[in-house]
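What's in entry_0.cif: mmCIF, C-alpha atoms
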```cif
data_data
loop_
_atom_site.label_atom_id
_atom_site.label_comp_id
_atom_site.auth_asym_id
_atom_site.auth_seq_id
_atom_site.Cartn_x
_atom_site.Cartn_y
_atom_site.Cartn_z
CA MET A 1 0.00 0.00 0.00
CA THR A 2 1.65 3.20 -1.22
CA VAL A 3 0.70 6.75 -2.15
CA LYS A 4 0.72 7.26 -5.93
CA LYS A 5 0.53 10.45 -7.95
CA SER A 6 -2.17 11.01 -10.53
CA PRO A 7 -0.98 11.17 -14.18
CA GLY A 8 -2.02 14.85 -14.18
CA LYS A 9 -3.16 15.16 -17.79
CA LYS A 10 -5.62 17.85 -16.72
CA ASN A 11 -4.91 20.88 -14.55
CA ALA A 12 -7.43 19.74 -11.93
CA ARG A 13 -5.57 16.44 -11.42
CA ARG A 14 -2.03 17.78 -11.46
CA PHE A 15 -1.41 17.51 -7.70
CA MET A 16 -3.86 14.71 -6.91
CA THR A 17 -2.55 11.63 -5.07
CA TYR A 18 -4.28 8.43 -3.99
CA VAL A 19 -3.61 5.29 -1.99
CA SER A 20 -2.75 2.27 -4.11
CA TYR A 21 -3.97 -1.02 -2.63
CA ASP A 22 -4.93 -4.40 -4.03
CA VAL A 23 -8.68 -4.24 -3.31
CA ASP A 24 -11.43 -6.20 -5.02
CA LYS A 25 -13.71 -4.16 -7.25
CA ARG A 26 -17.01 -5.87 -6.65
CA ARG A 27 -20.55 -4.97 -5.68
CA PRO A 28 -21.26 -5.10 -1.93
CA LEU A 29 -23.37 -7.96 -0.58
CA LYS A 30 -27.04 -7.07 -0.91
CA GLY A 31 -27.96 -8.58 2.45
CA LEU A 32 -25.30 -6.54 4.25
CA THR A 33 -26.15 -3.13 2.81
CA SER A 34 -28.82 -0.55 3.53
CA ALA A 35 -29.85 2.84 2.17
CA LEU A 36 -27.95 5.85 3.50
CA PRO A 37 -30.19 8.91 3.05
CA LYS A 38 -28.67 12.34 2.62
CA THR A 39 -29.27 14.77 5.48
CA GLY A 40 -27.55 17.94 4.27
CA GLY A 41 -26.35 18.35 7.87
CA ARG A 42 -29.93 18.76 9.12
CA GLY A 43 -31.36 17.14 12.24
CA ASN A 44 -34.86 15.81 12.94
CA LYS A 45 -36.25 19.36 13.10
CA GLY A 46 -35.00 20.26 9.63
CA ARG A 47 -32.42 22.69 10.96
CA ILE A 48 -28.73 22.59 10.10
CA SER A 49 -26.94 21.05 13.07
CA THR A 50 -23.64 20.36 11.26
CA ARG A 51 -22.44 22.89 8.72
CA HIS A 52 -20.59 22.30 5.44
CA ILE A 53 -22.35 19.02 4.59
CA GLY A 54 -24.23 18.21 1.38
CA GLY A 55 -24.03 17.21 -2.26
CA ARG A 56 -22.15 13.95 -1.88
CA HIS A 57 -22.23 10.98 -4.21
CA LYS A 58 -24.83 8.26 -3.62
CA ARG A 59 -23.74 5.56 -1.17
CA LEU A 60 -24.88 2.25 0.25
CA TYR A 61 -24.09 1.66 3.92
CA ARG A 62 -22.16 -1.55 4.60
CA GLU A 63 -23.19 -3.25 7.84
CA ILE A 64 -19.92 -3.79 9.74
CA ASP A 65 -19.55 -6.43 12.46
CA PHE A 66 -17.93 -4.41 15.26
CA LYS A 67 -18.94 -6.95 17.92
CA ARG A 68 -17.13 -10.00 16.47
CA ASP A 69 -19.40 -12.16 18.67
CA LYS A 70 -19.38 -15.31 16.53
CA PHE A 71 -17.11 -17.28 18.86
CA ASN A 72 -14.93 -20.20 17.82
CA VAL A 73 -16.33 -20.30 14.27
CA PRO A 74 -13.56 -19.99 11.66
CA ALA A 75 -14.10 -17.56 8.80
CA LYS A 76 -12.28 -17.20 5.50
CA VAL A 77 -11.35 -13.78 4.08
CA VAL A 78 -13.00 -13.73 0.65
CA SER A 79 -12.26 -10.15 -0.37
CA ILE A 80 -10.86 -6.82 0.79
CA GLU A 81 -13.04 -3.97 -0.45
CA TYR A 82 -13.34 -0.20 -0.51
CA ASP A 83 -15.98 1.34 1.76
CA PRO A 84 -17.12 4.90 0.92
CA ASN A 85 -18.48 5.38 4.46
CA ARG A 86 -15.17 5.10 6.33
CA SER A 87 -11.46 5.77 5.92
CA ALA A 88 -10.34 2.12 6.28
CA TYR A 89 -10.90 -0.84 3.97
CA ILE A 90 -13.30 -3.62 4.90
CA ALA A 91 -13.00 -7.39 4.54
CA GLN A 92 -15.73 -9.88 3.68
CA LEU A 93 -15.73 -12.99 5.87
CA ASN A 94 -17.42 -16.25 4.93
CA TYR A 95 -17.96 -18.41 8.04
CA VAL A 96 -17.91 -22.20 7.81
CA ASP A 97 -21.61 -22.30 8.78
CA GLY A 98 -22.50 -20.20 5.71
CA GLU A 99 -22.95 -16.77 7.30
CA LYS A 100 -21.26 -13.75 5.72
CA ARG A 101 -20.13 -10.57 7.47
CA TYR A 102 -18.05 -7.45 6.91
CA ILE A 103 -15.30 -6.43 9.34
CA LEU A 104 -12.69 -3.66 9.44
CA ALA A 105 -9.69 -4.88 7.44
CA PRO A 106 -6.44 -4.80 9.43
CA ASN A 107 -3.13 -4.09 7.77
CA GLU A 108 -1.38 -7.16 6.30
CA LEU A 109 -4.66 -9.10 6.04
CA LYS A 110 -4.84 -11.09 2.78
CA LYS A 111 -7.45 -12.98 0.82
CA GLY A 112 -7.57 -16.61 1.87
CA ASP A 113 -6.60 -15.96 5.51
CA THR A 114 -8.65 -17.66 8.22
CA LEU A 115 -9.86 -15.57 11.17
CA VAL A 116 -11.56 -16.60 14.39
CA SER A 117 -12.96 -14.86 17.47
CA GLY A 118 -12.94 -16.45 20.93
CA ASP A 119 -11.38 -16.75 24.38
CA LYS A 120 -8.37 -18.83 23.36
CA VAL A 121 -7.34 -18.19 19.77
CA GLU A 122 -4.03 -17.61 18.02
CA VAL A 123 -2.48 -14.17 18.46
CA ALA A 124 -2.64 -13.22 14.79
CA VAL A 125 -3.71 -10.20 12.76
CA GLY A 126 -7.51 -10.06 12.49
CA ASN A 127 -8.33 -12.44 15.35
CA THR A 128 -10.42 -11.16 18.26
CA MET A 129 -10.10 -11.95 21.98
CA PRO A 130 -11.06 -10.42 25.33
CA LEU A 131 -8.37 -8.12 26.70
CA GLU A 132 -7.76 -10.51 29.62
CA LYS A 133 -6.47 -13.14 27.17
CA ILE A 134 -4.38 -10.88 24.89
CA PRO A 135 -0.63 -10.78 25.72
CA VAL A 136 0.69 -7.51 27.16
CA GLY A 137 2.38 -5.38 24.50
CA THR A 138 0.05 -6.47 21.69
CA ILE A 139 -1.17 -3.85 19.22
CA VAL A 140 -4.97 -3.91 18.89
CA HIS A 141 -7.86 -2.02 17.29
CA ASN A 142 -11.69 -2.01 17.31
CA ILE A 143 -11.74 -1.97 21.13
CA GLU A 144 -14.92 -2.22 23.18
CA LEU A 145 -15.54 0.32 25.94
CA THR A 146 -18.38 -1.80 27.35
CA PRO A 147 -18.17 -5.61 27.06
CA GLY A 148 -20.50 -6.88 24.34
CA LYS A 149 -21.41 -3.44 22.96
CA GLY A 150 -19.03 -3.57 20.00
CA GLY A 151 -15.78 -1.81 19.17
CA GLN A 152 -15.77 1.95 19.60
CA ILE A 153 -12.07 2.88 19.80
CA ALA A 154 -9.32 2.76 17.11
CA ARG A 155 -11.52 2.15 14.06
CA SER A 156 -10.25 4.72 11.53
CA ALA A 157 -7.47 4.19 8.98
CA GLY A 158 -4.03 3.51 10.45
CA THR A 159 -5.09 3.72 14.10
CA ASN A 160 -4.20 1.26 16.86
CA ALA A 161 -3.77 1.02 20.63
CA THR A 162 -1.19 -0.85 22.73
CA LEU A 163 -2.06 -3.08 25.67
CA MET A 164 0.25 -1.82 28.42
CA SER A 165 -0.79 -3.82 31.51
CA ARG A 166 -3.66 -5.34 33.49
CA ASP A 167 -4.69 -4.52 37.06
CA SER A 168 -7.80 -5.00 39.25
CA GLY A 169 -10.16 -6.06 36.48
CA PHE A 170 -9.01 -3.38 34.02
CA ALA A 171 -6.60 -3.32 31.11
CA HIS A 172 -4.45 -0.23 30.58
CA LEU A 173 -4.35 0.73 26.91
CA LYS A 174 -2.32 3.46 25.28
CA MET A 175 -4.70 5.18 22.87
CA PRO A 176 -3.84 6.69 19.46
CA SER A 177 -3.90 10.14 21.13
CA GLY A 178 -1.26 9.08 23.68
CA GLU A 179 -3.79 8.85 26.50
CA ILE A 180 -3.58 5.80 28.75
CA ARG A 181 -7.06 4.57 29.67
CA LYS A 182 -8.52 1.77 31.79
CA ILE A 183 -10.90 -0.59 29.98
CA PRO A 184 -12.66 -3.66 31.45
CA ILE A 185 -10.67 -6.84 30.75
CA LYS A 186 -13.85 -8.56 29.51
CA SER A 187 -14.01 -6.14 26.57
CA LYS A 188 -12.92 -7.57 23.22
CA ALA A 189 -10.30 -6.18 20.85
CA THR A 190 -8.93 -7.22 17.47
CA MET A 191 -5.21 -7.74 16.88
CA GLY A 192 -3.36 -5.57 14.38
CA VAL A 193 -3.42 -2.06 12.91
CA VAL A 194 -6.34 -0.75 10.89
CA SER A 195 -5.61 -0.71 7.15
CA LYS A 196 -4.95 2.27 4.85
CA ALA A 197 -2.49 4.05 7.13
CA ASP A 198 -1.22 6.16 4.20
CA LEU A 199 -4.56 7.94 3.89
CA LYS A 200 -3.23 10.89 5.92
CA ASN A 201 -0.54 11.48 3.27
CA ILE A 202 -2.82 11.92 0.23
CA THR A 203 -3.56 15.24 -1.48
CA LEU A 204 -7.13 15.75 -2.69
CA GLY A 205 -5.86 17.87 -5.58
CA LYS A 206 -9.11 19.59 -6.50
CA ALA A 207 -12.20 21.06 -4.85
CA GLY A 208 -14.52 18.61 -6.58
CA ARG A 209 -13.03 15.68 -4.71
CA SER A 210 -14.23 17.20 -1.44
CA ARG A 211 -17.68 17.76 -2.92
CA HIS A 212 -17.91 14.10 -3.94
CA MET A 213 -17.35 13.21 -0.28
CA GLY A 214 -20.13 15.54 0.83
CA ILE A 215 -17.94 18.35 2.19
CA ARG A 216 -19.20 21.80 1.19
CA PRO A 217 -16.95 24.90 1.16
CA THR A 218 -16.12 26.71 4.39
CA VAL A 219 -16.24 30.51 4.17
CA ARG A 220 -13.96 32.47 6.50
CA GLY A 221 -15.74 34.60 9.07
CA LEU A 222 -13.37 37.46 8.20
CA ALA A 223 -14.83 37.55 4.68
CA MET A 224 -18.41 37.96 5.96
CA SER A 225 -20.36 41.00 7.07
CA PRO A 226 -20.82 41.86 10.78
CA ALA A 227 -24.42 40.64 10.56
CA ASP A 228 -23.31 37.16 9.54
CA HIS A 229 -20.25 36.59 11.73
CA PRO A 230 -18.52 38.27 14.70
CA HIS A 231 -15.27 38.46 12.68
CA GLY A 232 -16.91 40.30 9.78
CA GLY A 233 -16.73 43.94 8.75
CA GLY A 234 -13.96 46.51 8.66
CA GLU A 235 -12.11 48.19 5.82
CA GLY A 236 -9.66 45.91 4.05
CA LYS A 237 -7.87 43.22 6.01
CA SER A 238 -8.51 44.66 9.43
CA GLY A 239 -8.39 41.44 11.46
CA ILE A 240 -11.10 40.02 13.64
CA GLY A 241 -11.29 43.09 15.87
CA MET A 242 -11.55 41.21 19.17
CA SER A 243 -9.31 39.69 21.81
CA SER A 244 -10.12 36.06 20.96
CA PRO A 245 -11.79 34.26 18.04
CA LYS A 246 -15.50 33.50 18.26
CA SER A 247 -17.88 31.07 16.61
CA PRO A 248 -20.61 32.29 14.22
CA TRP A 249 -22.91 32.45 17.27
CA GLY A 250 -20.57 34.66 19.31
CA LYS A 251 -19.19 31.95 21.62
CA ARG A 252 -15.46 31.87 22.41
CA THR A 253 -13.50 29.25 20.46
CA LEU A 254 -9.90 28.10 19.89
CA GLY A 255 -8.54 27.15 23.29
CA LYS A 256 -11.75 26.98 25.28
CA LYS A 257 -11.97 23.65 27.09
CA THR A 258 -15.22 21.88 26.26
CA ARG A 259 -14.80 18.64 28.26
CA LYS A 260 -16.93 18.48 31.41
CA LYS A 261 -14.87 18.79 34.60
CA ASN A 262 -16.79 16.02 36.36
CA LYS A 263 -17.30 13.68 33.41
CA PHE A 264 -18.05 10.13 34.59
CA SER A 265 -15.23 8.58 32.54
CA ASN A 266 -12.48 10.76 34.06
CA LYS A 267 -11.79 8.03 36.62
CA TYR A 268 -10.75 5.67 33.80
CA ILE A 269 -8.01 7.98 32.49
CA VAL A 270 -4.62 6.98 33.89
CA GLN A 271 -2.57 9.49 31.90
CA VAL A 272 -3.91 12.38 29.84
CA ARG A 273 -3.07 12.72 26.16
CA LYS A 274 0.14 14.40 25.13
CA ARG A 275 -0.04 18.13 24.61
CA LYS A 276 2.10 19.95 22.07
#
```
Take the structure from the file and write it as structure tokens.
Amino acid sequence: MTVKKSPGKKNARRFMTYVSYDVDKRRPLKGLTSALPKTGGRGNKGRISTRHIGGRHKRLYREIDFKRDKFNVPAKVVSIEYDPNRSAYIAQLNYVDGEKRYILAPNELKKGDTLVSGDKVEVAVGNTMPLEKIPVGTIVHNIELTPGKGGQIARSAGTNATLMSRDSGFAHLKMPSGEIRKIPIKSKATMGVVSKADLKNITLGKAGRSRHMGIRPTVRGLAMSPADHPHGGGEGKSGIGMSSPKSPWGKRTLGKKTRKKNKFSNKYIVQVRKRK
């Protein structure tokens, strides 16, 4: 998997790069897909709750098995496919009992490999075990915060966490952010690093590529009028005209801490994330 440069025969593609990977170009399984309606960033009241969203290409949502709860049933990797809904690749598993599922594809996973989930399985890329059974020092992804709920941590391209130690019913994991957090040892995790780690190195190359992904343009507040944004107005490039930047609704931003001081999960943080 490497980053390749576009041939650049047109001006719009001159600086475009993409990740080259041996994925299977095939239609997703009909039984494991569902419609993904466009929201335009609007919530259930029809109001924009998330800005700069809209106009993306049509997609089908692939149902991903984050729980990996089919214990001690071997599955064969049939294909590694592109998923437009996430940054990582996905892998299609065919279990020996006939069931088919999609999972997040770890790095170094190949077609023909056999994966299994359970309490006592081989420590190999793609296999899933509870944290109490995984050797200390193992790199894992798709980690459950609550046993049986399904993986919630380290699911995007190139991410992983390291199992540091175990103590008093909790495993200490070093997160992608550098934070060390306690997680119940009954929670499951999958061995390996999530695929497509080179995604962070690509260059979109043209504005249209963002529009295909559903990302609309972001206008600077400085370019707006005072009626539309606190940073607007003034003659020429006069700056924002205030001591600290503000959001479009006049709230302080950039540096304001938004995490609750008494958040219930603070007790599970052993070491805070690294600060630059």
Which residues come within 10 Å of His231 in chain A, counting only C-alpha atoms, excluding same-chain residues fewer than 4 positions away, as a PDB file with C-alpha atoms, in the coordinates of the input?
```pdb
ATOM      1  CA  ARG A 220     -13.960  32.470   6.500  1.00  0.00           C
ATOM      2  CA  GLY A 221     -15.740  34.600   9.070  1.00  0.00           C
ATOM      3  CA  LEU A 222     -13.370  37.460   8.200  1.00  0.00           C
ATOM      4  CA  ALA A 223     -14.830  37.550   4.680  1.00  0.00           C
ATOM      5  CA  MET A 224     -18.410  37.960   5.960  1.00  0.00           C
ATOM      6  CA  SER A 225     -20.360  41.000   7.070  1.00  0.00           C
ATOM      7  CA  PRO A 226     -20.820  41.860  10.780  1.00  0.00           C
ATOM      8  CA  ALA A 227     -24.420  40.640  10.560  1.00  0.00           C
ATOM      9  CA  SER A 238      -8.510  44.660   9.430  1.00  0.00           C
ATOM     10  CA  GLY A 239      -8.390  41.440  11.460  1.00  0.00           C
ATOM     11  CA  ILE A 240     -11.100  40.020  13.640  1.00  0.00           C
ATOM     12  CA  GLY A 241     -11.290  43.090  15.870  1.00  0.00           C
ATOM     13  CA  MET A 242     -11.550  41.210  19.170  1.00  0.00           C
ATOM     14  CA  PRO A 245     -11.790  34.260  18.040  1.00  0.00           C
ATOM     15  CA  LYS A 246     -15.500  33.500  18.260  1.00  0.00           C
ATOM     16  CA  SER A 247     -17.880  31.070  16.610  1.00  0.00           C
ATOM     17  CA  PRO A 248     -20.610  32.290  14.220  1.00  0.00           C
ATOM     18  CA  GLY A 250     -20.570  34.660  19.310  1.00  0.00           C
TER      19      GLY A 250
END
```
| query | Excluding same-chain residues fewer than 5 positions from Phe66 in chain A, what lies within 12 Å of it counting all atoms listed in the file, as a VMD selection string? | reply | chain A and resid 90 101 to 105 117 128 141 to 145 147 to 155 188 to 190
| task | With the file shown as input, list the residues that the PyMOL selection byres ((chain A and resi 56) around 9) selects, as a PyMOL selection string. | result | chain A and resi 38+53-55+57-59+210-216
Explicit residues for the PyMOL selection byres ((chain A and resi 41) around 9) (as a PDB file with C-alpha atoms, in the frame of the given file):
```
ATOM      1  CA  LYS A  38     -28.670  12.340   2.620  1.00  0.00           C
ATOM      2  CA  THR A  39     -29.270  14.770   5.480  1.00  0.00           C
ATOM      3  CA  GLY A  40     -27.550  17.940   4.270  1.00  0.00           C
ATOM      4  CA  ARG A  42     -29.930  18.760   9.120  1.00  0.00           C
ATOM      5  CA  GLY A  43     -31.360  17.140  12.240  1.00  0.00           C
ATOM      6  CA  ARG A  47     -32.420  22.690  10.960  1.00  0.00           C
ATOM      7  CA  ILE A  48     -28.730  22.590  10.100  1.00  0.00           C
ATOM      8  CA  SER A  49     -26.940  21.050  13.070  1.00  0.00           C
ATOM      9  CA  THR A  50     -23.640  20.360  11.260  1.00  0.00           C
ATOM     10  CA  ARG A  51     -22.440  22.890   8.720  1.00  0.00           C
ATOM     11  CA  HIS A  52     -20.590  22.300   5.440  1.00  0.00           C
ATOM     12  CA  ILE A  53     -22.350  19.020   4.590  1.00  0.00           C
ATOM     13  CA  GLY A  54     -24.230  18.210   1.380  1.00  0.00           C
TER      14      GLY A  54
END
```
So that I can see what lies close to Gln92 in chain A, please list as a compact mmCIF listing (two decimals) with C-alpha atoms, keeping the file's coordinate frame the residues with an atom at most 10 Å from it, counting all atoms listed in the file and leaving out residues fewer than 5 positions away in the same chain.
```
# COMPACT_ATOMS: atom_id res chain seq x y z
CA PRO A 28 -21.26 -5.10 -1.93
CA LEU A 29 -23.37 -7.96 -0.58
CA ILE A 64 -19.92 -3.79 9.74
CA ALA A 75 -14.10 -17.56 8.80
CA LYS A 76 -12.28 -17.20 5.50
CA VAL A 77 -11.35 -13.78 4.08
CA VAL A 78 -13.00 -13.73 0.65
CA SER A 79 -12.26 -10.15 -0.37
CA ILE A 80 -10.86 -6.82 0.79
CA GLU A 81 -13.04 -3.97 -0.45
CA LYS A 100 -21.26 -13.75 5.72
CA ARG A 101 -20.13 -10.57 7.47
CA TYR A 102 -18.05 -7.45 6.91
CA ILE A 103 -15.30 -6.43 9.34
CA LEU A 104 -12.69 -3.66 9.44
CA ALA A 105 -9.69 -4.88 7.44
CA LYS A 111 -7.45 -12.98 0.82
```
| remark: Here CA of Thr2 in chain A and CA of Ala91 in chain A stand apart by 19.0 Å
If I wrap all listed atoms of range 192-206 of chain A in a box with edges along x, y and z and add 3 Å on each side, what are its centre and edge lengths in Å to one decimal, as JSON?
```
{"center_x": -4.8, "center_y": 7.0, "center_z": 3.9, "size_x": 14.6, "size_y": 31.2, "size_z": 26.9}
```
Local residues around (-20.2, 6.6, 3.5), at most 8 Å away, using all atoms listed in the file, as a PDB file with C-alpha atoms, keeping the file's coordinate frame:
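To be explicit, this is the file written out as part-v1.pdb:
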```
ATOM      1  CA  LEU A  36     -27.950   5.850   3.500  1.00  0.00           C
ATOM      2  CA  ARG A  59     -23.740   5.560  -1.170  1.00  0.00           C
ATOM      3  CA  LEU A  60     -24.880   2.250   0.250  1.00  0.00           C
ATOM      4  CA  TYR A  61     -24.090   1.660   3.920  1.00  0.00           C
ATOM      5  CA  ASP A  83     -15.980   1.340   1.760  1.00  0.00           C
ATOM      6  CA  PRO A  84     -17.120   4.900   0.920  1.00  0.00           C
ATOM      7  CA  ASN A  85     -18.480   5.380   4.460  1.00  0.00           C
ATOM      8  CA  ARG A  86     -15.170   5.100   6.330  1.00  0.00           C
TER       9      ARG A  86
END
```
| Residues returned when the PyMOL selection byres ((chain A and resi 13) around 12) runs on this file, as a VMD selection string | chain A and resid 5 to 12 14 to 18 203 to 209
Residue rebuild result range 206-233 of chain A, N, CA and C atoms as a compact mmCIF listing (two decimals), keeping the file's coordinate frame:
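Now in out12.txt:
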```txt
# COMPACT_ATOMS: atom_id res chain seq x y z
N LYS A 206 -8.12 18.68 -5.90
CA LYS A 206 -9.11 19.59 -6.50
C LYS A 206 -10.32 19.71 -5.57
N ALA A 207 -11.05 20.80 -5.71
CA ALA A 207 -12.20 21.06 -4.85
C ALA A 207 -13.30 20.03 -5.05
N GLY A 208 -13.44 19.55 -6.27
CA GLY A 208 -14.52 18.61 -6.58
C GLY A 208 -14.42 17.32 -5.81
N ARG A 209 -13.20 16.93 -5.45
CA ARG A 209 -13.03 15.68 -4.71
C ARG A 209 -13.64 15.79 -3.31
N SER A 210 -13.57 16.98 -2.72
CA SER A 210 -14.23 17.20 -1.44
C SER A 210 -15.75 17.18 -1.59
N ARG A 211 -16.24 17.73 -2.69
CA ARG A 211 -17.68 17.76 -2.92
C ARG A 211 -18.24 16.36 -3.12
N HIS A 212 -17.47 15.48 -3.76
CA HIS A 212 -17.91 14.10 -3.94
C HIS A 212 -18.08 13.41 -2.59
N MET A 213 -17.28 13.81 -1.61
CA MET A 213 -17.35 13.21 -0.28
C MET A 213 -18.41 13.87 0.60
N GLY A 214 -19.07 14.89 0.07
CA GLY A 214 -20.13 15.54 0.83
C GLY A 214 -19.67 16.70 1.68
N ILE A 215 -18.48 17.23 1.42
CA ILE A 215 -17.94 18.35 2.19
C ILE A 215 -18.12 19.63 1.38
N ARG A 216 -18.95 20.54 1.88
CA ARG A 216 -19.20 21.80 1.19
C ARG A 216 -18.16 22.84 1.62
N PRO A 217 -17.99 23.90 0.85
CA PRO A 217 -16.95 24.90 1.16
C PRO A 217 -17.18 25.59 2.50
N THR A 218 -16.08 25.97 3.13
CA THR A 218 -16.12 26.71 4.39
C THR A 218 -15.68 28.15 4.13
N VAL A 219 -16.56 29.09 4.38
CA VAL A 219 -16.24 30.51 4.17
C VAL A 219 -15.66 31.08 5.45
N ARG A 220 -14.58 31.85 5.33
CA ARG A 220 -13.96 32.47 6.50
C ARG A 220 -14.88 33.54 7.09
N GLY A 221 -14.93 33.58 8.41
CA GLY A 221 -15.74 34.60 9.07
C GLY A 221 -15.27 36.01 8.74
N LEU A 222 -13.95 36.15 8.51
CA LEU A 222 -13.37 37.46 8.20
C LEU A 222 -13.91 38.02 6.88
N ALA A 223 -14.34 37.12 5.98
CA ALA A 223 -14.83 37.55 4.68
C ALA A 223 -16.31 37.90 4.70
N MET A 224 -16.98 37.69 5.86
CA MET A 224 -18.41 37.96 5.96
C MET A 224 -18.68 39.37 6.47
N SER A 225 -19.95 39.70 6.51
CA SER A 225 -20.36 41.00 7.07
C SER A 225 -20.57 40.85 8.58
N PRO A 226 -20.62 41.95 9.32
CA PRO A 226 -20.82 41.86 10.78
C PRO A 226 -22.14 41.19 11.15
N ALA A 227 -23.12 41.25 10.27
CA ALA A 227 -24.42 40.64 10.56
C ALA A 227 -24.36 39.12 10.50
N ASP A 228 -23.39 38.61 9.75
CA ASP A 228 -23.31 37.16 9.54
C ASP A 228 -22.28 36.48 10.42
N HIS A 229 -21.29 37.22 10.92
CA HIS A 229 -20.25 36.59 11.73
C HIS A 229 -19.57 37.65 12.60
N PRO A 230 -19.20 37.29 13.83
CA PRO A 230 -18.52 38.27 14.70
C PRO A 230 -17.20 38.80 14.13
N HIS A 231 -16.55 38.02 13.26
CA HIS A 231 -15.27 38.46 12.68
C HIS A 231 -15.46 39.39 11.48
N GLY A 232 -16.68 39.56 11.02
CA GLY A 232 -16.91 40.30 9.78
C GLY A 232 -16.79 41.81 9.93
N GLY A 233 -16.76 42.48 8.77
CA GLY A 233 -16.73 43.94 8.75
C GLY A 233 -15.34 44.51 8.73
```
